[in-house]
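Colleague: As input, take data-v8.txt (compact mmCIF, C-alpha atoms):
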```txt
# COMPACT_ATOMS: atom_id res chain seq x y z
CA MET A 1 0.00 0.00 0.00
CA SER A 2 1.41 3.40 -1.00
CA THR A 3 2.01 6.08 1.64
CA ASP A 4 -0.75 8.31 0.23
CA THR A 5 -3.22 5.45 0.11
CA GLY A 6 -2.31 4.42 3.63
CA ASN A 7 -2.76 7.96 4.93
CA ASP A 8 -6.16 8.23 3.21
CA ALA A 9 -7.28 4.94 4.76
CA ARG A 10 -6.10 6.03 8.19
CA GLN A 11 -7.96 9.35 7.89
CA GLN A 12 -11.12 7.57 6.76
CA TRP A 13 -10.80 5.31 9.78
CA LYS A 14 -10.47 8.31 12.10
CA THR A 15 -13.57 9.87 10.56
CA TRP A 16 -15.41 6.57 10.97
CA ARG A 17 -14.42 6.46 14.64
CA GLU A 18 -15.75 9.97 15.21
CA GLU A 19 -19.04 9.13 13.52
CA ARG A 20 -19.27 5.89 15.46
CA THR A 21 -18.86 7.75 18.77
CA GLU A 22 -21.59 10.20 17.79
CA THR A 23 -23.91 7.30 16.98
CA VAL A 24 -23.46 5.37 20.22
CA CYS A 25 -23.82 8.40 22.48
CA ALA A 26 -26.81 9.88 20.63
CA PRO A 27 -29.93 10.52 22.76
CA TYR A 28 -31.46 7.22 21.65
CA GLY A 29 -28.27 5.34 20.84
CA PRO A 30 -27.21 2.04 22.46
CA LEU A 31 -26.01 3.79 25.65
CA ALA A 32 -29.59 4.94 26.25
CA LEU A 33 -31.04 1.43 26.57
CA THR A 34 -32.24 0.88 30.15
CA GLY A 35 -34.33 -2.26 29.83
CA THR A 36 -35.65 -5.08 27.62
CA TYR A 37 -38.94 -6.46 28.89
CA TRP A 38 -40.44 -9.68 27.50
CA ILE A 39 -44.21 -9.51 27.36
CA ALA A 40 -44.53 -13.22 28.06
CA ASP A 41 -42.89 -12.55 31.44
CA ALA A 42 -45.15 -9.62 32.35
CA ALA A 43 -47.31 -10.11 35.44
CA GLU A 44 -50.85 -9.53 34.16
CA GLY A 45 -49.51 -7.40 31.33
CA ARG A 46 -47.77 -4.91 33.60
CA PHE A 47 -44.14 -3.82 33.89
CA PRO A 48 -42.88 -1.87 36.93
CA ALA A 49 -40.66 0.32 34.74
CA ILE A 50 -43.20 1.39 32.10
CA PRO A 51 -46.90 2.33 32.24
CA GLY A 52 -49.73 0.77 30.31
CA HIS A 53 -51.07 -2.76 29.87
CA TRP A 54 -49.04 -4.83 27.38
CA THR A 55 -50.25 -8.16 25.95
CA GLU A 56 -49.56 -10.31 22.91
CA GLY A 57 -52.18 -10.19 20.18
CA GLY A 58 -50.97 -12.70 17.59
CA ASP A 59 -49.20 -10.65 14.95
CA ALA A 60 -49.10 -7.53 17.14
CA VAL A 61 -48.73 -6.19 20.66
CA LEU A 62 -51.86 -4.77 22.28
CA LEU A 63 -51.17 -1.68 24.39
CA THR A 64 -53.92 -0.28 26.56
CA ALA A 65 -53.46 2.95 28.51
CA THR A 66 -55.32 5.87 29.99
CA ALA A 67 -54.44 9.55 29.67
CA ALA A 68 -52.99 9.39 33.20
CA ASP A 69 -50.32 6.93 31.97
CA GLY A 70 -48.70 9.70 29.92
CA LEU A 71 -48.07 7.59 26.83
CA THR A 72 -48.18 8.95 23.30
CA VAL A 73 -48.42 6.95 20.08
CA ASP A 74 -47.40 8.64 16.84
CA GLY A 75 -47.24 11.90 18.78
CA ARG A 76 -50.80 11.72 20.12
CA PRO A 77 -51.86 10.90 23.72
CA LEU A 78 -53.09 7.33 24.10
CA ASN A 79 -56.40 6.81 25.87
CA GLY A 80 -57.60 3.38 24.87
CA GLU A 81 -56.07 0.47 22.93
CA VAL A 82 -53.65 0.33 20.01
CA ARG A 83 -52.10 -2.54 18.03
CA LEU A 84 -48.34 -2.26 17.59
CA GLY A 85 -46.09 -4.13 15.21
CA PRO A 86 -42.30 -4.31 15.55
CA ASP A 87 -40.54 -0.95 15.23
CA LYS A 88 -38.40 -1.15 12.10
CA GLY A 89 -36.30 1.98 12.28
CA PRO A 90 -33.91 3.43 14.87
CA ALA A 91 -35.12 3.87 18.44
CA ALA A 92 -35.62 7.61 17.90
CA THR A 93 -38.45 6.82 15.45
CA ALA A 94 -40.36 4.42 17.75
CA ARG A 95 -44.11 5.02 17.80
CA VAL A 96 -44.53 4.97 21.60
CA ASP A 97 -43.12 7.70 23.82
CA HIS A 98 -43.24 8.21 27.59
CA GLY A 99 -41.94 11.56 28.75
CA GLY A 100 -39.07 11.52 26.25
CA ARG A 101 -38.31 7.84 26.68
CA LYS A 102 -38.84 5.76 23.54
CA LEU A 103 -40.58 2.41 24.02
CA VAL A 104 -39.44 0.18 21.17
CA VAL A 105 -41.46 -2.91 20.26
CA LEU A 106 -39.47 -5.89 18.98
CA ARG A 107 -40.02 -9.54 18.16
CA ARG A 108 -37.47 -12.35 18.39
CA GLU A 109 -38.31 -15.93 17.40
CA GLY A 110 -42.02 -15.33 17.91
CA LEU A 111 -41.65 -13.60 21.29
CA TRP A 112 -42.54 -9.95 21.85
CA ALA A 113 -40.64 -7.47 23.97
CA VAL A 114 -40.48 -3.76 24.76
CA ARG A 115 -37.20 -1.88 25.01
CA VAL A 116 -36.82 1.40 26.86
CA PHE A 117 -34.40 4.02 25.53
CA ASP A 118 -33.85 6.89 27.96
CA PRO A 119 -31.71 9.90 26.97
CA GLY A 120 -31.01 10.43 30.69
CA SER A 121 -29.59 6.93 31.21
CA ALA A 122 -26.67 6.31 33.53
CA GLY A 123 -24.82 4.76 30.58
CA ARG A 124 -24.92 7.98 28.57
CA ARG A 125 -23.81 10.03 31.55
CA ALA A 126 -20.85 7.74 32.35
CA PHE A 127 -19.58 7.21 28.79
CA THR A 128 -16.28 8.86 27.86
CA ALA A 129 -15.01 7.06 24.74
CA ILE A 130 -14.66 3.87 22.72
CA ASP A 131 -11.16 2.53 23.21
CA ALA A 132 -9.65 1.08 20.02
CA PHE A 133 -6.42 -0.44 18.78
CA GLU A 134 -4.30 1.86 16.63
CA TYR A 135 -4.97 1.66 12.91
CA ASP A 136 -2.87 -1.07 11.29
CA GLU A 137 -2.89 -1.54 7.52
CA ASP A 138 -1.63 -5.12 8.02
CA TRP A 139 -5.18 -5.99 9.16
CA VAL A 140 -6.74 -4.90 5.86
CA LEU A 141 -6.89 -8.27 4.14
CA PRO A 142 -8.15 -9.68 0.85
CA GLY A 143 -10.95 -12.16 1.38
CA VAL A 144 -13.34 -14.41 -0.52
CA PHE A 145 -16.98 -15.07 0.30
CA ARG A 146 -18.11 -18.65 -0.27
CA PRO A 147 -21.91 -18.93 -0.01
CA TYR A 148 -23.60 -22.04 1.30
CA ASP A 149 -26.03 -23.90 -0.95
CA GLY A 150 -28.76 -22.50 1.29
CA SER A 151 -29.04 -20.50 4.48
CA ARG A 152 -28.24 -22.33 7.70
CA ARG A 153 -29.45 -21.64 11.22
CA VAL A 154 -27.51 -22.58 14.33
CA ARG A 155 -28.37 -22.19 18.00
CA VAL A 156 -26.02 -19.95 19.93
CA GLU A 157 -26.05 -18.49 23.40
CA ASN A 158 -26.99 -14.84 23.66
CA ALA A 159 -25.78 -12.18 26.08
CA ASP A 160 -28.91 -12.59 28.24
CA GLY A 161 -28.14 -16.29 28.80
CA ARG A 162 -30.78 -17.66 26.41
CA GLU A 163 -30.12 -19.66 23.25
CA ARG A 164 -31.51 -18.36 19.97
CA GLY A 165 -31.14 -19.10 16.29
CA LEU A 166 -28.48 -17.34 14.24
CA GLY A 167 -28.80 -17.31 10.45
CA LEU A 168 -25.63 -17.95 8.44
CA ASP A 169 -25.23 -17.73 4.67
CA GLY A 170 -21.63 -18.66 3.94
CA GLU A 171 -17.96 -18.45 4.85
CA LEU A 172 -15.59 -15.51 4.61
CA ALA A 173 -12.10 -16.88 3.89
CA PHE A 174 -8.91 -14.87 4.36
CA THR A 175 -5.25 -15.26 5.29
CA ALA A 176 -3.74 -13.56 8.35
CA VAL A 177 -0.29 -13.90 9.95
CA GLY A 178 0.57 -16.57 7.39
CA SER A 179 -2.38 -18.90 8.02
CA ALA A 180 -5.75 -19.42 6.36
CA PHE A 181 -8.95 -18.80 8.31
CA ALA A 182 -12.68 -18.59 7.68
CA LEU A 183 -15.57 -16.99 9.54
CA GLN A 184 -19.20 -17.97 9.17
CA VAL A 185 -21.14 -14.89 8.06
CA ALA A 186 -24.63 -13.67 7.35
CA VAL A 187 -25.58 -11.67 4.27
CA GLU A 188 -27.42 -8.48 5.13
CA VAL A 189 -30.31 -7.07 3.08
CA ASP A 190 -27.94 -4.69 1.28
CA GLY A 191 -25.54 -7.51 0.38
CA THR A 192 -22.91 -6.64 2.99
CA LEU A 193 -21.48 -9.38 5.22
CA TRP A 194 -21.74 -9.61 9.01
CA ALA A 195 -19.85 -11.88 11.39
CA VAL A 196 -19.73 -12.42 15.15
CA PHE A 197 -16.22 -13.42 16.14
CA ALA A 198 -13.78 -13.78 19.01
CA ASP A 199 -9.99 -13.97 18.94
CA GLY A 200 -6.93 -14.07 21.17
CA THR A 201 -7.60 -10.57 22.49
CA SER A 202 -11.20 -11.33 23.52
CA GLY A 203 -11.82 -10.99 27.23
CA ASP A 204 -8.25 -9.76 27.68
CA THR A 205 -7.29 -6.61 25.79
CA SER A 206 -10.68 -6.33 24.06
CA TYR A 207 -14.33 -7.12 24.80
CA ARG A 208 -15.29 -10.82 24.93
CA PHE A 209 -16.43 -10.84 21.28
CA ARG A 210 -16.91 -8.39 18.44
CA PHE A 211 -18.80 -7.84 15.20
CA LEU A 212 -17.20 -7.51 11.77
CA ARG A 213 -18.90 -6.02 8.72
CA THR A 214 -17.56 -5.97 5.17
CA PRO A 215 -18.74 -4.45 1.90
CA ALA A 216 -20.83 -6.58 -0.43
CA PRO A 217 -18.60 -9.08 -2.24
CA GLY A 218 -17.95 -8.71 -5.96
CA VAL A 219 -19.41 -11.13 -8.48
CA ASP A 220 -16.31 -13.29 -7.99
CA GLY A 221 -16.83 -13.33 -4.23
CA ARG A 222 -13.81 -11.17 -3.50
CA VAL A 223 -14.13 -8.66 -0.68
CA THR A 224 -11.87 -6.58 1.56
CA VAL A 225 -11.76 -7.74 5.18
CA ASP A 226 -10.78 -4.76 7.33
CA PHE A 227 -10.43 -5.69 11.00
CA ASN A 228 -9.69 -2.05 11.83
CA HIS A 229 -13.46 -1.66 11.59
CA ALA A 230 -14.24 -4.50 14.02
CA LEU A 231 -17.12 -3.29 16.20
CA LEU A 232 -18.10 -3.68 19.80
CA PRO A 233 -21.51 -5.38 19.95
CA PRO A 234 -24.46 -3.41 21.39
CA CYS A 235 -24.29 -5.39 24.66
CA ALA A 236 -20.88 -3.80 25.33
CA PHE A 237 -22.74 -0.51 25.75
CA ALA A 238 -25.78 -1.72 27.71
CA ASP A 239 -26.49 -5.01 29.47
CA HIS A 240 -30.06 -5.14 28.14
CA PHE A 241 -29.14 -6.04 24.56
CA ILE A 242 -29.38 -9.71 23.55
CA CYS A 243 -26.35 -10.01 21.26
CA PRO A 244 -25.51 -13.46 19.88
CA PHE A 245 -22.21 -15.02 20.87
CA PRO A 246 -19.87 -16.30 18.12
CA PRO A 247 -21.12 -19.46 16.38
CA PRO A 248 -18.96 -22.59 16.32
CA GLY A 249 -15.75 -21.98 14.35
CA ASN A 250 -15.80 -18.20 14.75
CA THR A 251 -13.27 -18.03 17.56
CA LEU A 252 -9.99 -17.33 15.79
CA PRO A 253 -6.89 -18.99 17.34
CA ILE A 254 -4.87 -15.80 16.83
CA ALA A 255 -4.88 -12.33 18.34
CA VAL A 256 -6.46 -9.63 16.18
CA PRO A 257 -5.12 -6.33 17.62
CA ALA A 258 -7.31 -4.16 15.43
CA GLY A 259 -10.69 -2.47 15.76
CA GLU A 260 -12.68 -1.42 18.80
CA ARG A 261 -11.58 -2.75 22.18
CA ARG A 262 -13.88 -1.65 25.01
CA VAL A 263 -16.15 1.08 26.32
CA LEU A 264 -14.47 3.65 28.55
CA VAL A 265 -16.50 5.24 31.33
CA GLY A 266 -15.72 8.03 33.74
```
Output the structure of this file as structure tokens.

Modeller:
Amino acid sequence: MSTDTGNDARQQWKTWREERTETVCAPYGPLALTGTYWIADAAEGRFPAIPGHWTEGGDAVLLTATAADGLTVDGRPLNGEVRLGPDKGPAATARVDHGGRKLVVLRREGLWAVRVFDPGSAGRRAFTAIDAFEYDEDWVLPGVFRPYDGSRRVRVENADGRERGLGLDGELAFTAVGSAFALQVAVEVDGTLWAVFADGTSGDTSYRFRFLRTPAPGVDGRVTVDFNHALLPPCAFADHFICPFPPPGNTLPIAVPAGERRVLVG
């Protein structure tokens, strides 16, 4: 890599880091998550932390509230019942609001839950920075995506201690420190690749596992694998996320001293 190209890549990485910090500490970013509440676990449809009566209604969540509960849906006070589907966009666009807190409806493997994002969370107040390894062009690697004949689904433990399915669409092969490796990856809607992985730094000089995203592969399957953009998973920012752990085979037997390391708090 030429000096100019290397400097450009390093500057792009610094810009990416700045944008990443802005995203995680935004009013409704991952640091704002204060709770994930499964409706199946609700005592008579009630949660101590949020008002209203929440029940499952087949393909929707039924929320019943009075004006005294202080809930709004689509910007209007709720006094009655409303059917809610999963919120598709970022937390800031959630339909239900309670005094500035966004109540995000989600569904995982047929189970409904409500997440609370609070701009005044302790996590946002304590956050100081995302610690990262220094940029290293040696961890920008050529790779090849090898799709499976069909999508596969494996059961993996999640950060909340429960096992859930994880969809996988192929392998991302690359060579690092003189040896060949492969990570099982999923193909996102936009064609980009996503992997959950651990390595020799995990739980030591970096968080216990990380995410890796790559551009969409070319028609020949070739794609750049840049570990400098390895991400901390959402559960590194708030305990209430349910991030999947790495699937079998995605714990690399080498240290990858590149990418994000841990959340720093003051």

Colleague: Taking (-28.4, -19.9, 14.8) as a centre in this file's frame and 7 Å as the limit, can you find every polymer residue with an atom that close, using all atoms listed in the file, and give them as a CSV table (one decimal) with C-alpha atoms, in the frame of the given file?

Modeller:
```
chain,number,residue,atom,x,y,z
A,153,ARG,CA,-29.4,-21.6,11.2
A,154,VAL,CA,-27.5,-22.6,14.3
A,155,ARG,CA,-28.4,-22.2,18.0
A,156,VAL,CA,-26.0,-20.0,19.9
A,164,ARG,CA,-31.5,-18.4,20.0
A,165,GLY,CA,-31.1,-19.1,16.3
A,166,LEU,CA,-28.5,-17.3,14.2
A,167,GLY,CA,-28.8,-17.3,10.4
```

Colleague: Contacts of Pro217 in chain A at 10 Å or less, counting only C-alpha atoms, minus same-chain residues fewer than 3 places along, as a PyMOL selection string?

Modeller: chain A and resi 143-146+172+187+191-193+214+220-224

Colleague: Using all atoms listed in the file, which of A:Phe241, A:Phe227, A:Thr66, A:Arg124 sits nearest Gly266 in chain A?

Modeller: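 Of the candidates, the smallest distance to Gly266 in chain A is held by A:Arg124.
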
Colleague: Pick from A:Ala126, A:Ser151, A:Val140, A:Ala60: nearest to Leu111 in chain A, with all atoms listed in the file counted?

Modeller: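 The shortest atom-to-atom distance to Leu111 in chain A comes from A:Ala60.
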
Colleague: Would you mind telling me which residue in A:Gly100, A:Gly170, A:Gly75, A:Pro247 lies nearest to Ala32 in chain A when using all atoms listed in the file?

Modeller: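 Nearest candidate to Ala32 in chain A out of A:Gly100, A:Gly170, A:Gly75, A:Pro247: A:Gly100.
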
Colleague: Nearest to Arg125 in chain A among A:Gln184, A:Pro86, A:Glu157, A:Val265, with distances taken over all atoms listed in the file: which residue is it?

Modeller: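 Among the listed residues, A:Val265 lies closest to Arg125 in chain A.
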
Colleague: As a VMD selection string, please: the residues near Leu141 in chain A (cut-off 10 Å, only C-alpha atoms, same-chain neighbours under 3 positions excluded).

Modeller: chain A and resid 137 to 138 174 to 176 223 to 227

Colleague: Find the residues around Leu106 in chain A up to 12 Å (all atoms listed in the file counted), leave out those fewer than 6 positions away in its own chain, and share them as a PyMOL selection string.

Modeller: chain A and resi 36-39+56+59-61+84-91+94-95+112-116+241-242

Colleague: Select range 243-255 of chain A in the preceding structure and write all heavy atoms to a file as a PDB file, in the first residue's frame.

Modeller:
```pdb
ATOM      1  N   CYS A 243     -27.272  -9.679  22.349  1.00  0.00           N
ATOM      2  CA  CYS A 243     -26.350 -10.007  21.263  1.00  0.00           C
ATOM      3  C   CYS A 243     -26.036 -11.499  21.211  1.00  0.00           C
ATOM      4  O   CYS A 243     -25.846 -12.142  22.248  1.00  0.00           O
ATOM      5  CB  CYS A 243     -25.040  -9.246  21.452  1.00  0.00           C
ATOM      6  SG  CYS A 243     -25.220  -7.477  21.660  1.00  0.00           S
ATOM      7  N   PRO A 244     -25.932 -12.062  19.999  1.00  0.00           N
ATOM      8  CA  PRO A 244     -25.511 -13.456  19.884  1.00  0.00           C
ATOM      9  C   PRO A 244     -24.017 -13.603  20.104  1.00  0.00           C
ATOM     10  O   PRO A 244     -23.231 -12.745  19.707  1.00  0.00           O
ATOM     11  CB  PRO A 244     -25.893 -13.814  18.444  1.00  0.00           C
ATOM     12  CG  PRO A 244     -25.755 -12.503  17.706  1.00  0.00           C
ATOM     13  CD  PRO A 244     -26.223 -11.451  18.690  1.00  0.00           C
ATOM     14  N   PHE A 245     -23.619 -14.699  20.733  1.00  0.00           N
ATOM     15  CA  PHE A 245     -22.208 -15.024  20.869  1.00  0.00           C
ATOM     16  C   PHE A 245     -21.711 -15.632  19.553  1.00  0.00           C
ATOM     17  O   PHE A 245     -22.500 -16.035  18.700  1.00  0.00           O
ATOM     18  CB  PHE A 245     -21.997 -16.018  22.010  1.00  0.00           C
ATOM     19  CG  PHE A 245     -22.187 -15.431  23.391  1.00  0.00           C
ATOM     20  CD1 PHE A 245     -22.075 -16.245  24.519  1.00  0.00           C
ATOM     21  CD2 PHE A 245     -22.482 -14.100  23.582  1.00  0.00           C
ATOM     22  CE1 PHE A 245     -22.241 -15.724  25.794  1.00  0.00           C
ATOM     23  CE2 PHE A 245     -22.649 -13.560  24.850  1.00  0.00           C
ATOM     24  CZ  PHE A 245     -22.531 -14.377  25.957  1.00  0.00           C
ATOM     25  N   PRO A 246     -20.393 -15.730  19.361  1.00  0.00           N
ATOM     26  CA  PRO A 246     -19.866 -16.304  18.116  1.00  0.00           C
ATOM     27  C   PRO A 246     -20.356 -17.735  17.905  1.00  0.00           C
ATOM     28  O   PRO A 246     -20.387 -18.537  18.853  1.00  0.00           O
ATOM     29  CB  PRO A 246     -18.349 -16.269  18.319  1.00  0.00           C
ATOM     30  CG  PRO A 246     -18.129 -15.148  19.286  1.00  0.00           C
ATOM     31  CD  PRO A 246     -19.295 -15.214  20.221  1.00  0.00           C
ATOM     32  N   PRO A 247     -20.729 -18.077  16.678  1.00  0.00           N
ATOM     33  CA  PRO A 247     -21.123 -19.460  16.381  1.00  0.00           C
ATOM     34  C   PRO A 247     -19.900 -20.367  16.371  1.00  0.00           C
ATOM     35  O   PRO A 247     -18.755 -19.879  16.360  1.00  0.00           O
ATOM     36  CB  PRO A 247     -21.756 -19.343  14.996  1.00  0.00           C
ATOM     37  CG  PRO A 247     -21.050 -18.191  14.362  1.00  0.00           C
ATOM     38  CD  PRO A 247     -20.808 -17.213  15.494  1.00  0.00           C
ATOM     39  N   PRO A 248     -20.092 -21.669  16.373  1.00  0.00           N
ATOM     40  CA  PRO A 248     -18.960 -22.592  16.323  1.00  0.00           C
ATOM     41  C   PRO A 248     -18.041 -22.283  15.139  1.00  0.00           C
ATOM     42  O   PRO A 248     -18.505 -22.049  14.017  1.00  0.00           O
ATOM     43  CB  PRO A 248     -19.634 -23.962  16.154  1.00  0.00           C
ATOM     44  CG  PRO A 248     -20.992 -23.786  16.768  1.00  0.00           C
ATOM     45  CD  PRO A 248     -21.388 -22.381  16.452  1.00  0.00           C
ATOM     46  N   GLY A 249     -16.728 -22.253  15.395  1.00  0.00           N
ATOM     47  CA  GLY A 249     -15.755 -21.979  14.349  1.00  0.00           C
ATOM     48  C   GLY A 249     -15.377 -20.519  14.198  1.00  0.00           C
ATOM     49  O   GLY A 249     -14.459 -20.196  13.458  1.00  0.00           O
ATOM     50  N   ASN A 250     -16.089 -19.627  14.901  1.00  0.00           N
ATOM     51  CA  ASN A 250     -15.804 -18.203  14.747  1.00  0.00           C
ATOM     52  C   ASN A 250     -14.948 -17.618  15.863  1.00  0.00           C
ATOM     53  O   ASN A 250     -14.899 -16.401  16.048  1.00  0.00           O
ATOM     54  CB  ASN A 250     -17.102 -17.400  14.623  1.00  0.00           C
ATOM     55  CG  ASN A 250     -17.617 -17.350  13.191  1.00  0.00           C
ATOM     56  OD1 ASN A 250     -17.342 -18.240  12.395  1.00  0.00           O
ATOM     57  ND2 ASN A 250     -18.353 -16.304  12.855  1.00  0.00           N
ATOM     58  N   THR A 251     -14.266 -18.497  16.591  1.00  0.00           N
ATOM     59  CA  THR A 251     -13.267 -18.029  17.555  1.00  0.00           C
ATOM     60  C   THR A 251     -11.895 -18.269  16.938  1.00  0.00           C
ATOM     61  O   THR A 251     -11.435 -19.413  16.839  1.00  0.00           O
ATOM     62  CB  THR A 251     -13.399 -18.761  18.903  1.00  0.00           C
ATOM     63  OG1 THR A 251     -14.669 -18.469  19.476  1.00  0.00           O
ATOM     64  CG2 THR A 251     -12.307 -18.310  19.859  1.00  0.00           C
ATOM     65  N   LEU A 252     -11.267 -17.205  16.487  1.00  0.00           N
ATOM     66  CA  LEU A 252      -9.986 -17.329  15.794  1.00  0.00           C
ATOM     67  C   LEU A 252      -8.872 -17.662  16.787  1.00  0.00           C
ATOM     68  O   LEU A 252      -8.809 -17.071  17.872  1.00  0.00           O
ATOM     69  CB  LEU A 252      -9.652 -16.023  15.074  1.00  0.00           C
ATOM     70  CG  LEU A 252     -10.646 -15.579  13.997  1.00  0.00           C
ATOM     71  CD1 LEU A 252     -10.295 -14.177  13.493  1.00  0.00           C
ATOM     72  CD2 LEU A 252     -10.653 -16.570  12.841  1.00  0.00           C
ATOM     73  N   PRO A 253      -7.971 -18.576  16.431  1.00  0.00           N
ATOM     74  CA  PRO A 253      -6.886 -18.990  17.341  1.00  0.00           C
ATOM     75  C   PRO A 253      -5.696 -18.039  17.307  1.00  0.00           C
ATOM     76  O   PRO A 253      -4.572 -18.431  17.626  1.00  0.00           O
ATOM     77  CB  PRO A 253      -6.513 -20.372  16.814  1.00  0.00           C
ATOM     78  CG  PRO A 253      -6.758 -20.280  15.342  1.00  0.00           C
ATOM     79  CD  PRO A 253      -7.976 -19.396  15.194  1.00  0.00           C
ATOM     80  N   ILE A 254      -5.935 -16.809  16.893  1.00  0.00           N
ATOM     81  CA  ILE A 254      -4.873 -15.801  16.835  1.00  0.00           C
ATOM     82  C   ILE A 254      -5.397 -14.517  17.477  1.00  0.00           C
ATOM     83  O   ILE A 254      -6.604 -14.338  17.652  1.00  0.00           O
ATOM     84  CB  ILE A 254      -4.455 -15.493  15.377  1.00  0.00           C
ATOM     85  CG1 ILE A 254      -5.672 -15.028  14.572  1.00  0.00           C
ATOM     86  CG2 ILE A 254      -3.781 -16.690  14.747  1.00  0.00           C
ATOM     87  CD1 ILE A 254      -5.336 -14.496  13.191  1.00  0.00           C
ATOM     88  N   ALA A 255      -4.489 -13.646  17.849  1.00  0.00           N
ATOM     89  CA  ALA A 255      -4.881 -12.326  18.341  1.00  0.00           C
ATOM     90  C   ALA A 255      -5.101 -11.402  17.148  1.00  0.00           C
ATOM     91  O   ALA A 255      -4.326 -11.411  16.192  1.00  0.00           O
ATOM     92  CB  ALA A 255      -3.794 -11.755  19.251  1.00  0.00           C
TER      93      ALA A 255
END
```
